[in-house]
>>> print(open('structure_25.txt').read())   # compact mmCIF, C-alpha atoms and all ligand atoms
# COMPACT_ATOMS: atom_id res chain seq x y z
CA MET A 290 -32.82 -23.01 9.68
CA TYR A 291 -32.99 -19.84 7.58
CA ARG A 292 -30.96 -17.21 9.39
CA PHE A 293 -32.36 -13.79 8.67
CA LYS A 294 -30.32 -12.14 11.41
CA PRO A 295 -26.71 -13.28 11.36
CA VAL A 296 -24.93 -12.67 14.64
CA LEU A 297 -21.38 -11.71 13.77
CA ARG A 298 -19.04 -12.36 16.66
CA ILE A 299 -15.84 -12.20 14.64
CA PRO A 300 -12.97 -9.73 14.92
CA GLY A 301 -14.13 -7.73 11.93
CA PRO A 302 -15.99 -6.92 9.89
CA VAL A 303 -18.37 -6.11 12.71
CA PRO A 304 -22.12 -5.46 12.72
CA VAL A 305 -22.93 -1.98 11.48
CA PRO A 306 -25.48 0.12 13.42
CA SER A 307 -28.56 0.95 11.35
CA GLU A 308 -27.88 4.71 11.62
CA VAL A 309 -24.50 4.02 10.03
CA SER A 310 -25.88 1.63 7.39
CA MET A 311 -28.40 4.24 6.30
CA GLN A 312 -25.55 6.55 5.36
CA MET A 313 -24.39 3.92 2.87
CA ALA A 314 -27.72 4.36 1.06
CA ARG A 315 -27.29 8.10 0.54
CA PRO A 316 -27.42 9.25 -3.07
CA MET A 317 -24.00 9.37 -4.68
CA ILE A 318 -22.33 12.76 -4.79
CA ASN A 319 -19.41 14.33 -6.60
CA HIS A 320 -16.18 13.55 -4.74
CA ARG A 321 -14.80 16.84 -6.06
CA GLY A 322 -17.85 18.82 -5.01
CA ALA A 323 -18.71 21.13 -2.13
CA ILE A 324 -20.57 18.60 0.05
CA PHE A 325 -17.70 16.12 0.04
CA ARG A 326 -15.17 18.87 0.64
CA GLU A 327 -17.16 20.04 3.63
CA HIS A 328 -17.54 16.63 5.31
CA PHE A 329 -14.33 14.78 4.45
CA PRO A 330 -11.68 16.83 6.27
CA ALA A 331 -13.96 17.31 9.27
CA VAL A 332 -14.44 13.56 9.65
CA LEU A 333 -10.70 12.90 9.41
CA LYS A 334 -10.01 15.60 11.98
CA ARG A 335 -12.42 13.97 14.42
CA LEU A 336 -10.60 10.65 13.96
CA GLY A 337 -7.55 12.37 15.45
CA ALA A 338 -8.97 11.91 18.96
CA LEU A 339 -8.99 8.13 18.46
CA PHE A 340 -5.44 8.10 17.09
CA GLY A 341 -4.33 10.50 19.83
CA THR A 342 -2.68 12.77 17.32
CA GLU A 343 -2.61 16.24 15.87
CA ASN A 344 -0.98 14.86 12.70
CA PRO A 345 -3.05 14.81 9.52
CA ILE A 346 -4.87 11.55 8.84
CA TYR A 347 -5.15 10.19 5.30
CA MET A 348 -7.81 7.89 3.94
CA MET A 349 -7.20 5.25 1.27
CA THR A 350 -9.88 3.25 -0.45
CA GLY A 351 -8.79 -0.28 0.28
CA SER A 352 -8.77 -2.70 3.20
CA GLY A 353 -6.52 -2.43 6.26
CA THR A 354 -3.66 -4.08 4.41
CA SER A 355 -3.66 -1.21 1.92
CA GLY A 356 -2.89 1.11 4.85
CA MET A 357 -0.07 -1.22 5.89
CA GLU A 358 1.28 -1.10 2.35
CA VAL A 359 1.16 2.71 2.39
CA ALA A 360 3.42 2.64 5.45
CA VAL A 361 5.88 0.17 3.95
CA SER A 362 5.98 1.55 0.41
CA ASN A 363 6.64 5.09 1.65
CA LEU A 364 9.33 4.19 4.21
CA VAL A 365 11.11 1.07 2.98
CA SER A 366 13.52 1.23 0.05
CA PRO A 367 15.43 -1.82 -1.17
CA GLU A 368 17.94 -2.81 1.57
CA THR A 369 16.41 -0.53 4.26
CA PRO A 370 17.14 -2.33 7.55
CA VAL A 371 13.83 -2.98 9.32
CA LEU A 372 12.83 -4.86 12.45
CA CYS A 373 9.48 -6.71 12.42
CA LEU A 374 8.03 -7.86 15.73
CA VAL A 375 6.13 -11.04 14.93
CA GLY A 376 3.81 -12.72 17.42
CA GLY A 377 1.00 -13.69 15.09
CA PHE A 378 -0.48 -13.63 11.63
CA PHE A 379 -0.60 -9.82 11.28
CA GLY A 380 2.92 -9.27 12.64
CA GLN A 381 3.93 -11.76 9.95
CA ARG A 382 2.04 -9.63 7.41
CA TRP A 383 4.36 -6.70 8.21
CA ALA A 384 7.33 -9.01 7.60
CA ASP A 385 5.84 -10.24 4.31
CA LEU A 386 5.21 -6.67 3.13
CA CYS A 387 8.73 -5.53 4.06
CA THR A 388 10.17 -8.56 2.29
CA ALA A 389 8.10 -7.70 -0.81
CA TYR A 390 9.66 -4.21 -0.80
CA GLY A 391 13.18 -5.63 -0.57
CA ALA A 392 13.97 -4.58 3.00
CA LYS A 393 17.00 -5.89 4.86
CA MET A 394 14.99 -8.04 7.22
CA HIS A 395 15.40 -8.40 10.97
CA VAL A 396 12.66 -10.35 12.71
CA LEU A 397 12.07 -10.82 16.42
CA ASN A 398 9.69 -13.70 16.96
CA PHE A 399 7.49 -13.95 20.03
CA PRO A 400 5.28 -16.89 21.06
CA TRP A 401 1.89 -16.79 19.34
CA ASP A 402 0.04 -16.46 22.64
CA GLN A 403 2.01 -13.68 24.32
CA GLY A 404 2.72 -10.00 23.96
CA VAL A 405 5.88 -8.49 22.51
CA ASP A 406 8.60 -8.17 25.16
CA PRO A 407 9.88 -4.54 25.14
CA GLN A 408 13.16 -5.54 26.82
CA GLN A 409 14.00 -7.93 23.98
CA VAL A 410 13.30 -5.11 21.54
CA ALA A 411 15.59 -2.77 23.49
CA ASP A 412 18.38 -5.38 23.55
CA TYR A 413 18.02 -6.06 19.83
CA LEU A 414 18.10 -2.37 18.93
CA GLY A 415 21.19 -1.94 21.13
CA ARG A 416 22.98 -4.49 18.94
CA HIS A 417 21.59 -3.02 15.68
CA PRO A 418 21.94 0.75 15.49
CA GLU A 419 21.38 0.57 11.72
CA ILE A 420 17.68 -0.34 11.96
CA GLU A 421 15.51 2.40 10.47
CA CYS A 422 11.96 1.20 11.09
CA ILE A 423 10.24 -1.09 13.57
CA PHE A 424 6.92 -2.64 12.54
CA MET A 425 4.50 -4.01 15.12
CA VAL A 426 0.83 -4.75 15.72
CA GLN A 427 -1.05 -3.19 18.63
CA ASN A 428 -3.85 -5.74 18.74
CA GLU A 429 -2.77 -9.04 17.22
CA SER A 430 -6.23 -10.24 16.16
CA SER A 431 -4.99 -13.74 15.28
CA THR A 432 -3.97 -14.51 18.88
CA ALA A 433 -6.15 -11.98 20.75
CA VAL A 434 -3.11 -10.31 22.32
CA LEU A 435 -2.94 -6.57 23.04
CA ASN A 436 0.68 -5.48 22.74
CA ASP A 437 2.08 -2.72 24.92
CA VAL A 438 2.95 -0.23 22.18
CA GLU A 439 3.87 2.52 24.63
CA SER A 440 6.52 0.34 26.31
CA VAL A 441 7.98 -0.73 22.97
CA SER A 442 8.19 2.92 21.98
CA LYS A 443 9.99 3.72 25.25
CA ALA A 444 12.29 0.72 24.77
CA ARG A 445 13.78 2.51 21.75
CA GLY A 446 15.48 4.98 24.09
CA ASP A 447 17.46 7.29 21.85
CA HIS A 448 17.63 4.80 18.96
CA ARG A 449 16.53 6.62 15.79
CA ALA A 450 14.22 3.88 14.44
CA LEU A 451 10.71 4.90 13.49
CA LEU A 452 7.93 2.91 15.14
CA VAL A 453 5.12 1.85 12.78
CA VAL A 454 1.98 0.43 14.37
CA ASP A 455 -0.91 -1.59 12.97
CA ALA A 456 -3.92 -0.49 15.01
CA VAL A 457 -6.43 -2.05 12.62
CA SER A 458 -8.33 -4.04 15.25
CA SER A 459 -7.76 -1.72 18.22
CA LEU A 460 -8.37 1.86 17.08
CA GLY A 461 -11.55 2.97 18.80
CA GLY A 462 -11.56 -0.07 21.12
CA ALA A 463 -8.34 0.52 23.07
CA PRO A 464 -6.43 3.74 23.75
CA CYS A 465 -3.94 4.87 21.13
CA LYS A 466 -1.88 7.93 22.05
CA MET A 467 0.24 8.42 19.00
CA ASP A 468 1.74 11.79 19.95
CA GLN A 469 2.17 11.10 23.65
CA TRP A 470 3.71 7.66 23.06
CA GLY A 471 5.98 8.92 20.27
CA LEU A 472 4.61 6.64 17.52
CA ASP A 473 5.66 7.49 13.97
CA VAL A 474 3.05 5.82 11.81
CA VAL A 475 -0.32 4.38 12.81
CA VAL A 476 -2.59 2.45 10.45
CA SER A 477 -6.21 1.47 10.91
CA ALA A 478 -9.29 0.43 8.95
CA SER A 479 -13.02 1.04 8.82
CA GLN A 480 -14.52 -2.37 9.53
CA LYS A 481 -13.49 -3.04 13.13
CA CYS A 482 -14.03 -0.80 16.16
CA LEU A 483 -15.09 2.05 13.86
CA MET A 484 -18.36 0.16 13.14
CA THR A 485 -18.43 1.00 9.43
CA PRO A 486 -18.33 -1.24 6.34
CA PRO A 487 -14.99 -2.50 5.01
CA GLY A 488 -13.25 -0.55 2.28
CA THR A 489 -11.30 2.30 3.81
CA ALA A 490 -7.93 2.48 5.53
CA PHE A 491 -6.55 5.34 7.60
CA VAL A 492 -2.90 6.24 7.96
CA THR A 493 -1.10 8.96 9.84
CA PHE A 494 2.60 9.90 9.78
CA SER A 495 4.56 11.89 12.37
CA PRO A 496 6.61 14.82 11.01
CA ARG A 497 9.75 12.68 11.56
CA ALA A 498 8.30 9.83 9.46
CA ARG A 499 7.13 12.29 6.84
CA GLU A 500 10.74 13.37 6.26
CA HIS A 501 11.43 9.92 4.76
CA LEU A 502 8.93 10.26 1.91
CA ASP A 503 11.16 11.99 -0.60
CA SER A 504 14.22 9.85 0.06
CA CYS A 505 12.31 6.56 -0.17
CA THR A 506 13.12 5.03 -3.56
CA SER A 507 10.47 2.31 -3.68
CA SER A 508 8.14 2.38 -6.66
CA ARG A 509 4.66 3.44 -5.66
CA TYR A 510 1.74 5.18 -7.29
CA TYR A 511 -1.70 4.54 -5.76
CA PHE A 512 -0.11 4.41 -2.31
CA ASP A 513 2.26 7.38 -2.66
CA LEU A 514 1.42 9.37 0.46
CA ARG A 515 2.49 12.62 -1.20
CA ARG A 516 -0.50 12.38 -3.53
CA TYR A 517 -2.83 12.07 -0.54
CA GLU A 518 -1.16 15.05 1.12
CA ALA A 519 -1.52 17.23 -1.95
CA PHE A 520 -5.18 16.36 -2.32
CA LEU A 521 -6.01 16.67 1.38
CA ASP A 522 -4.90 20.30 1.07
CA LYS A 523 -7.90 20.63 -1.29
CA SER A 524 -10.11 18.52 1.06
CA GLU A 525 -10.11 15.72 -1.47
CA THR A 526 -8.51 12.34 -2.16
CA PRO A 527 -6.29 11.74 -5.20
CA PHE A 528 -8.51 8.92 -6.50
CA THR A 529 -12.26 8.31 -6.31
CA PRO A 530 -12.86 7.38 -2.68
CA ASN A 531 -15.40 5.14 -1.05
CA ILE A 532 -17.60 8.23 -0.63
CA ASN A 533 -20.40 6.82 1.48
CA ASN A 534 -17.97 5.24 3.92
CA VAL A 535 -17.08 8.81 4.88
CA PHE A 536 -20.69 9.57 5.78
CA ALA A 537 -20.92 6.23 7.57
CA LEU A 538 -17.86 7.10 9.60
CA GLU A 539 -19.29 10.51 10.41
CA GLU A 540 -22.34 8.81 11.92
CA ALA A 541 -20.22 6.23 13.76
CA LEU A 542 -18.12 9.04 15.23
CA ASN A 543 -21.33 10.75 16.37
CA MET A 544 -22.14 7.57 18.30
CA ILE A 545 -18.61 7.16 19.71
CA GLU A 546 -18.47 10.79 20.80
CA ALA A 547 -21.93 10.61 22.37
CA GLU A 548 -20.87 7.59 24.44
CA GLY A 549 -17.52 9.20 25.23
CA LEU A 550 -14.20 7.63 24.25
CA GLU A 551 -13.31 6.59 27.80
CA ASN A 552 -16.69 4.87 28.16
CA VAL A 553 -16.16 3.12 24.84
CA TYR A 554 -12.83 1.74 26.07
CA ALA A 555 -14.42 0.73 29.40
CA ARG A 556 -17.22 -1.11 27.54
CA HIS A 557 -14.63 -3.08 25.58
CA LEU A 558 -12.79 -4.01 28.77
CA LEU A 559 -16.03 -5.10 30.41
CA MET A 560 -16.90 -7.30 27.41
CA ARG A 561 -13.41 -8.82 27.49
CA ASN A 562 -13.71 -9.61 31.18
CA MET A 563 -17.17 -11.11 30.70
CA VAL A 564 -16.06 -13.39 27.87
CA ARG A 565 -13.02 -14.56 29.81
CA ALA A 566 -14.97 -15.22 33.01
CA GLY A 567 -17.78 -16.98 31.11
CA ALA A 568 -15.48 -19.21 29.06
CA ARG A 569 -13.53 -20.21 32.16
CA ALA A 570 -16.73 -20.95 34.06
CA LEU A 571 -17.68 -23.34 31.25
CA GLY A 572 -14.37 -25.16 31.74
CA LEU A 573 -12.76 -23.77 28.58
CA GLU A 574 -9.16 -22.67 28.42
CA LEU A 575 -8.11 -19.27 27.09
CA LEU A 576 -5.15 -18.91 24.74
CA VAL A 577 -3.77 -15.75 26.34
CA ARG A 578 -3.05 -14.87 29.97
CA ASP A 579 -4.94 -11.97 31.55
CA GLU A 580 -2.03 -9.46 31.31
CA ASP A 581 -1.90 -9.72 27.51
CA ALA A 582 -5.62 -10.10 26.81
CA SER A 583 -7.15 -8.01 24.05
CA PRO A 584 -10.19 -5.87 24.80
CA THR A 585 -11.62 -6.47 21.31
CA VAL A 586 -11.25 -10.22 20.66
CA THR A 587 -10.79 -13.35 22.77
CA ALA A 588 -9.22 -16.65 21.70
CA VAL A 589 -10.53 -19.84 23.28
CA LYS A 590 -8.74 -23.17 22.98
CA TYR A 591 -11.02 -25.76 21.46
CA PRO A 592 -10.25 -29.11 19.84
CA HIS A 593 -11.61 -29.40 16.28
CA ALA A 594 -12.70 -25.79 16.53
CA ASP A 595 -13.81 -25.56 12.92
CA SER A 596 -16.52 -28.21 13.16
CA PHE A 597 -17.66 -26.62 16.44
CA ARG A 598 -17.97 -23.25 14.67
CA THR A 599 -19.98 -24.81 11.84
CA ARG A 600 -22.32 -26.40 14.40
CA ILE A 601 -22.79 -23.07 16.20
CA ARG A 602 -23.44 -21.24 12.95
CA GLU A 603 -25.96 -23.82 11.76
CA GLN A 604 -27.79 -24.22 15.06
CA TYR A 605 -27.81 -20.67 16.38
CA GLY A 606 -26.82 -18.36 13.53
CA VAL A 607 -23.84 -17.14 15.55
CA GLU A 608 -20.57 -16.70 13.70
CA PHE A 609 -17.33 -17.16 15.64
CA ALA A 610 -13.95 -16.81 13.93
CA GLY A 611 -11.45 -19.62 13.49
CA GLY A 612 -7.78 -19.74 14.36
CA GLN A 613 -5.10 -18.55 11.96
CA GLY A 614 -1.62 -19.86 11.18
CA ILE A 615 -0.41 -22.29 13.85
CA HIS A 616 -3.72 -21.93 15.68
CA ALA A 617 -5.87 -23.06 12.75
CA ASN A 618 -8.57 -25.47 13.98
CA ASN A 619 -7.40 -25.48 17.61
CA ILE A 620 -8.86 -22.18 18.80
CA PHE A 621 -11.93 -20.15 18.02
CA ARG A 622 -12.14 -16.39 18.47
CA ILE A 623 -15.00 -14.30 19.78
CA GLY A 624 -15.07 -10.75 18.49
CA HIS A 625 -16.37 -8.10 20.90
CA MET A 626 -15.48 -4.88 19.19
CA GLY A 627 -17.26 -1.86 17.83
CA TYR A 628 -21.03 -2.21 17.74
CA ALA A 629 -21.16 -4.78 20.54
CA THR A 630 -22.65 -4.62 23.99
CA PRO A 631 -22.38 -6.69 27.18
CA LEU A 632 -25.78 -8.15 26.26
CA ASP A 633 -24.29 -9.45 23.00
CA VAL A 634 -21.58 -11.12 25.05
CA LEU A 635 -24.22 -12.80 27.22
CA THR A 636 -25.87 -14.15 24.06
CA ALA A 637 -22.57 -15.55 22.82
CA LEU A 638 -21.91 -17.14 26.20
CA ALA A 639 -25.42 -18.61 26.32
CA VAL A 640 -24.84 -20.27 22.97
CA LEU A 641 -21.54 -21.66 24.24
CA GLU A 642 -23.20 -22.92 27.40
CA MET A 643 -26.00 -24.66 25.48
CA ASP A 644 -23.47 -26.30 23.21
CA MET A 645 -21.31 -27.38 26.15
CA LYS A 646 -24.36 -28.97 27.76
CA LYS A 647 -24.96 -31.06 24.65
CA TYR A 648 -21.40 -31.79 23.61
CA GLY A 649 -19.36 -30.93 26.71
CA GLN A 650 -18.27 -34.46 27.51
CA ALA A 651 -16.92 -34.98 24.02
CA THR A 652 -15.22 -31.58 24.12
CA LYS A 653 -13.56 -32.29 27.46
CA ALA A 654 -12.36 -35.69 26.25
CA ALA A 655 -10.90 -34.07 23.13
CA GLN A 656 -9.26 -31.41 25.32
CA LEU A 657 -7.54 -34.13 27.32
CA VAL A 658 -6.23 -35.68 24.08
CA MET A 659 -5.09 -32.19 22.95
CA HIS A 660 -3.05 -31.77 26.15
CA ALA A 661 -1.72 -35.33 26.27
C1 LIG A 701 -4.55 -6.54 13.30
C2 LIG A 701 -4.95 -6.58 11.87
N1 LIG A 701 -4.11 -6.05 10.97
C3 LIG A 701 -4.40 -6.05 9.67
C4 LIG A 701 -5.56 -6.61 9.20
C5 LIG A 701 -5.80 -6.64 7.74
O1 LIG A 701 -6.91 -5.93 7.41
P1 LIG A 701 -7.69 -6.20 6.03
O2 LIG A 701 -8.19 -7.59 6.06
O3 LIG A 701 -8.76 -5.16 6.13
O4 LIG A 701 -6.73 -5.95 4.92
C6 LIG A 701 -6.46 -7.18 10.09
C7 LIG A 701 -7.70 -7.82 9.61
O5 LIG A 701 -8.30 -8.65 10.23
C8 LIG A 701 -6.14 -7.16 11.47
O6 LIG A 701 -6.97 -7.70 12.37
>>> encode(input="structure_25.txt", output="structure tokens", more="lines below")
Ligand SMILES: Cc1ncc(COP(=O)(O)O)c(C=O)c1O
Amino acid sequence: MYRFKPVLRIPGPVPVPSEVSMQMARPMINHRGAIFREHFPAVLKRLGALFGTENPIYMMTGSGTSGMEVAVSNLVSPETPVLCLVGGFFGQRWADLCTAYGAKMHVLNFPWDQGVDPQQVADYLGRHPEIECIFMVQNESSTAVLNDVESVSKARGDHRALLVVDAVSSLGGAPCKMDQWGLDVVVSASQKCLMTPPGTAFVTFSPRAREHLDSCTSSRYYFDLRRYEAFLDKSETPFTPNINNVFALEEALNMIEAEGLENVYARHLLMRNMVRAGARALGLELLVRDEDASPTVTAVKYPHADSFRTRIREQYGVEFAGGQGIHANNIFRIGHMGYATPLDVLTALAVLEMDMKKYGQATKAAQLVMHA
């Protein structure tokens, strides 16, 4: 059937509200002109409430990974000892980036269905006083785990390591209190809980992290944070930015502020709880236990998940995400972040229920084989 209204239930990009989309159709303006200089710094300042910081926030034109690369390329010189906390595909991305920049690698691996254990981090740091930076993911989208960033930060005690956090799929969907939790770098992106199109990344550095910029010897140009600092002083970006994404974000922030940040977080928790209760009621097994469950995405165990997702897309026009890495084809993920409501969750669950009615016996039999 021709699907004129795709229903995106993936962990980003997310549906964009029409008020936000309309900003993308604004006439192009000069990125070195008065209108841009008026809106750009104001929008970044308002993002501070979501990051929980007074630190300046910088915007790069690029996807979330570009923000991750800004963090690594400005902090990691060849042979810098770093600790990467890996419990999924995006934790592994930190490790890959640090390896690409020649870091002296330390990796703590955690099961790909559980949160990072702060005590293990504390023990590791106790044995390795030389570590300079810790890299972790707040919301590991590949496994649907929300890591306890605050506890990991506390686990550092008086160890000097900087804590660098990927909040790409959590910023605006789960609390982030950069200053209060003592985080040193936080990275996010436009296309998840911020409800705007892909194409911009956001990065913020604590004053302590900022001190590393001049001593970092890694080659960098487009991602050299000092260029972004110099241009933000003029309310501009060093290179031509994704101009209309700024206006889109301004509109999205209007919506987030009107709802109230606490209500936004509560809505995400409600959607998480609904998905989990609904999937369980249909006899499906969740990948992650309740304590670690993400408020923005849920992973459901499902044998031959990819053909199930194709069937759902073709029959109902609903797009679920597949598994990544070791979970490829044995889970599917339901995104419930950003421009999503409890009613959207009911629709997704209804589709699941209809499919289970038709194919449930086969699914249950395959589940038994999966567990055998
Ligand atoms: C937690 C997390 N980190 C990083 C990324 C990478 O972002 P991008 O694909 O925008 O480069 C994603 C994207 O899904 C993500 O979910």
>>> residues_around(input="structure_25.txt", residues="Tyr347 (chain A)", least_positions_apart="2", cutoff="9 Å", atoms="all atoms listed in the file", output="compact mmCIF listing (two decimals) with C-alpha atoms, in the coordinates of the input")
# COMPACT_ATOMS: atom_id res chain seq x y z
CA LEU A 333 -10.70 12.90 9.41
CA PRO A 345 -3.05 14.81 9.52
CA MET A 349 -7.20 5.25 1.27
CA ALA A 490 -7.93 2.48 5.53
CA PHE A 491 -6.55 5.34 7.60
CA VAL A 492 -2.90 6.24 7.96
CA THR A 493 -1.10 8.96 9.84
CA PHE A 494 2.60 9.90 9.78
CA LEU A 514 1.42 9.37 0.46
CA TYR A 517 -2.83 12.07 -0.54
CA GLU A 518 -1.16 15.05 1.12
CA LEU A 521 -6.01 16.67 1.38
CA THR A 526 -8.51 12.34 -2.16
>>> closest_atom_pairs(input="structure_25.txt", of="chain A", to="ligand LIG 701 (chain A)", cutoff="10 Å", atoms="all atoms listed in the file", output="JSON lines")
{"residue": "A:Ile299", "atom": "CA", "partner": "A:LIG701", "partner_atom": "O5", "distance": 9.4}
{"residue": "A:Pro300", "atom": "CA", "partner": "A:LIG701", "partner_atom": "O5", "distance": 6.7}
{"residue": "A:Gly301", "atom": "CA", "partner": "A:LIG701", "partner_atom": "O5", "distance": 6.1}
{"residue": "A:Pro302", "atom": "CA", "partner": "A:LIG701", "partner_atom": "O5", "distance": 7.9}
{"residue": "A:Gly351", "atom": "CA", "partner": "A:LIG701", "partner_atom": "O4", "distance": 7.6}
{"residue": "A:Ser352", "atom": "CA", "partner": "A:LIG701", "partner_atom": "O3", "distance": 3.8}
{"residue": "A:Gly353", "atom": "CA", "partner": "A:LIG701", "partner_atom": "O3", "distance": 3.5}
{"residue": "A:Thr354", "atom": "CA", "partner": "A:LIG701", "partner_atom": "O4", "distance": 3.6}
{"residue": "A:Ser355", "atom": "CA", "partner": "A:LIG701", "partner_atom": "O4", "distance": 6.4}
{"residue": "A:Gly356", "atom": "CA", "partner": "A:LIG701", "partner_atom": "O4", "distance": 8.0}
{"residue": "A:Met357", "atom": "CA", "partner": "A:LIG701", "partner_atom": "C3", "distance": 7.5}
{"residue": "A:Glu358", "atom": "CA", "partner": "A:LIG701", "partner_atom": "O4", "distance": 9.7}
{"residue": "A:Gly377", "atom": "CA", "partner": "A:LIG701", "partner_atom": "C1", "distance": 9.2}
{"residue": "A:Phe378", "atom": "CA", "partner": "A:LIG701", "partner_atom": "C1", "distance": 8.3}
{"residue": "A:Phe379", "atom": "CA", "partner": "A:LIG701", "partner_atom": "N1", "distance": 5.2}
{"residue": "A:Gly380", "atom": "CA", "partner": "A:LIG701", "partner_atom": "N1", "distance": 7.9}
{"residue": "A:Gln381", "atom": "CA", "partner": "A:LIG701", "partner_atom": "N1", "distance": 9.9}
{"residue": "A:Arg382", "atom": "CA", "partner": "A:LIG701", "partner_atom": "C3", "distance": 7.7}
{"residue": "A:Trp383", "atom": "CA", "partner": "A:LIG701", "partner_atom": "C3", "distance": 8.9}
{"residue": "A:Met425", "atom": "CA", "partner": "A:LIG701", "partner_atom": "C1", "distance": 9.6}
{"residue": "A:Val426", "atom": "CA", "partner": "A:LIG701", "partner_atom": "C1", "distance": 6.2}
{"residue": "A:Gln427", "atom": "CA", "partner": "A:LIG701", "partner_atom": "C1", "distance": 7.2}
{"residue": "A:Asn428", "atom": "CA", "partner": "A:LIG701", "partner_atom": "C1", "distance": 5.5}
{"residue": "A:Glu429", "atom": "CA", "partner": "A:LIG701", "partner_atom": "C1", "distance": 5.0}
{"residue": "A:Ser430", "atom": "CA", "partner": "A:LIG701", "partner_atom": "O6", "distance": 4.6}
{"residue": "A:Ser431", "atom": "CA", "partner": "A:LIG701", "partner_atom": "O6", "distance": 7.0}
{"residue": "A:Thr432", "atom": "CA", "partner": "A:LIG701", "partner_atom": "C1", "distance": 9.7}
{"residue": "A:Ala433", "atom": "CA", "partner": "A:LIG701", "partner_atom": "C1", "distance": 9.4}
{"residue": "A:Val434", "atom": "CA", "partner": "A:LIG701", "partner_atom": "C1", "distance": 9.9}
{"residue": "A:Leu435", "atom": "CA", "partner": "A:LIG701", "partner_atom": "C1", "distance": 9.9}
{"residue": "A:Val454", "atom": "CA", "partner": "A:LIG701", "partner_atom": "N1", "distance": 9.5}
{"residue": "A:Asp455", "atom": "CA", "partner": "A:LIG701", "partner_atom": "N1", "distance": 5.8}
{"residue": "A:Ala456", "atom": "CA", "partner": "A:LIG701", "partner_atom": "C1", "distance": 6.3}
{"residue": "A:Val457", "atom": "CA", "partner": "A:LIG701", "partner_atom": "C2", "distance": 4.8}
{"residue": "A:Ser458", "atom": "CA", "partner": "A:LIG701", "partner_atom": "O6", "distance": 4.9}
{"residue": "A:Ser459", "atom": "CA", "partner": "A:LIG701", "partner_atom": "C1", "distance": 7.6}
{"residue": "A:Leu460", "atom": "CA", "partner": "A:LIG701", "partner_atom": "C1", "distance": 10.0}
{"residue": "A:Val476", "atom": "CA", "partner": "A:LIG701", "partner_atom": "N1", "distance": 8.7}
{"residue": "A:Ser477", "atom": "CA", "partner": "A:LIG701", "partner_atom": "N1", "distance": 7.8}
{"residue": "A:Ala478", "atom": "CA", "partner": "A:LIG701", "partner_atom": "O3", "distance": 6.3}
{"residue": "A:Ser479", "atom": "CA", "partner": "A:LIG701", "partner_atom": "O3", "distance": 8.0}
{"residue": "A:Gln480", "atom": "CA", "partner": "A:LIG701", "partner_atom": "O3", "distance": 7.2}
{"residue": "A:Lys481", "atom": "CA", "partner": "A:LIG701", "partner_atom": "O6", "distance": 8.1}
{"residue": "A:Pro487", "atom": "CA", "partner": "A:LIG701", "partner_atom": "O3", "distance": 6.9}
{"residue": "A:Gly488", "atom": "CA", "partner": "A:LIG701", "partner_atom": "O3", "distance": 7.5}
{"residue": "A:Thr489", "atom": "CA", "partner": "A:LIG701", "partner_atom": "O3", "distance": 8.2}
{"residue": "A:Ala490", "atom": "CA", "partner": "A:LIG701", "partner_atom": "O3", "distance": 7.7}
{"residue": "A:Val586", "atom": "CA", "partner": "A:LIG701", "partner_atom": "O6", "distance": 9.7}
>>> atom_distance(input="structure_25.txt", atom1="CA of Ala637 (chain A)", atom2="CA of Arg602 (chain A)")
11.4 Å
>>> residues_near_point(input="structure_25.txt", point="(-0.5, -7.2, 28.9)", cutoff="7 Å", atoms="all atoms listed in the file", output="ChimeraX atom specification")
/A:404,435-437,580-582
>>> residues_near_point(input="structure_25.txt", point="(-24.3, -21.3, 12.7)", cutoff="12 Å", atoms="all atoms listed in the file", output="ChimeraX atom specification")
/A:290-298,595-610,637,640-641,644
>>> write_last_selection(input="structure_25.txt", atoms="C-alpha atoms", output="mmCIF file, keeping the file's coordinate frame")
data_model
loop_
_atom_site.group_PDB
_atom_site.id
_atom_site.type_symbol
_atom_site.label_atom_id
_atom_site.label_comp_id
_atom_site.auth_asym_id
_atom_site.auth_seq_id
_atom_site.Cartn_x
_atom_site.Cartn_y
_atom_site.Cartn_z
ATOM 1 C CA MET A 290 -32.820 -23.010 9.680
ATOM 2 C CA TYR A 291 -32.990 -19.840 7.580
ATOM 3 C CA ARG A 292 -30.960 -17.210 9.390
ATOM 4 C CA PHE A 293 -32.360 -13.790 8.670
ATOM 5 C CA LYS A 294 -30.320 -12.140 11.410
ATOM 6 C CA PRO A 295 -26.710 -13.280 11.360
ATOM 7 C CA VAL A 296 -24.930 -12.670 14.640
ATOM 8 C CA LEU A 297 -21.380 -11.710 13.770
ATOM 9 C CA ARG A 298 -19.040 -12.360 16.660
ATOM 10 C CA ASP A 595 -13.810 -25.560 12.920
ATOM 11 C CA SER A 596 -16.520 -28.210 13.160
ATOM 12 C CA PHE A 597 -17.660 -26.620 16.440
ATOM 13 C CA ARG A 598 -17.970 -23.250 14.670
ATOM 14 C CA THR A 599 -19.980 -24.810 11.840
ATOM 15 C CA ARG A 600 -22.320 -26.400 14.400
ATOM 16 C CA ILE A 601 -22.790 -23.070 16.200
ATOM 17 C CA ARG A 602 -23.440 -21.240 12.950
ATOM 18 C CA GLU A 603 -25.960 -23.820 11.760
ATOM 19 C CA GLN A 604 -27.790 -24.220 15.060
ATOM 20 C CA TYR A 605 -27.810 -20.670 16.380
ATOM 21 C CA GLY A 606 -26.820 -18.360 13.530
ATOM 22 C CA VAL A 607 -23.840 -17.140 15.550
ATOM 23 C CA GLU A 608 -20.570 -16.700 13.700
ATOM 24 C CA PHE A 609 -17.330 -17.160 15.640
ATOM 25 C CA ALA A 610 -13.950 -16.810 13.930
ATOM 26 C CA ALA A 637 -22.570 -15.550 22.820
ATOM 27 C CA VAL A 640 -24.840 -20.270 22.970
ATOM 28 C CA LEU A 641 -21.540 -21.660 24.240
ATOM 29 C CA ASP A 644 -23.470 -26.300 23.210
#
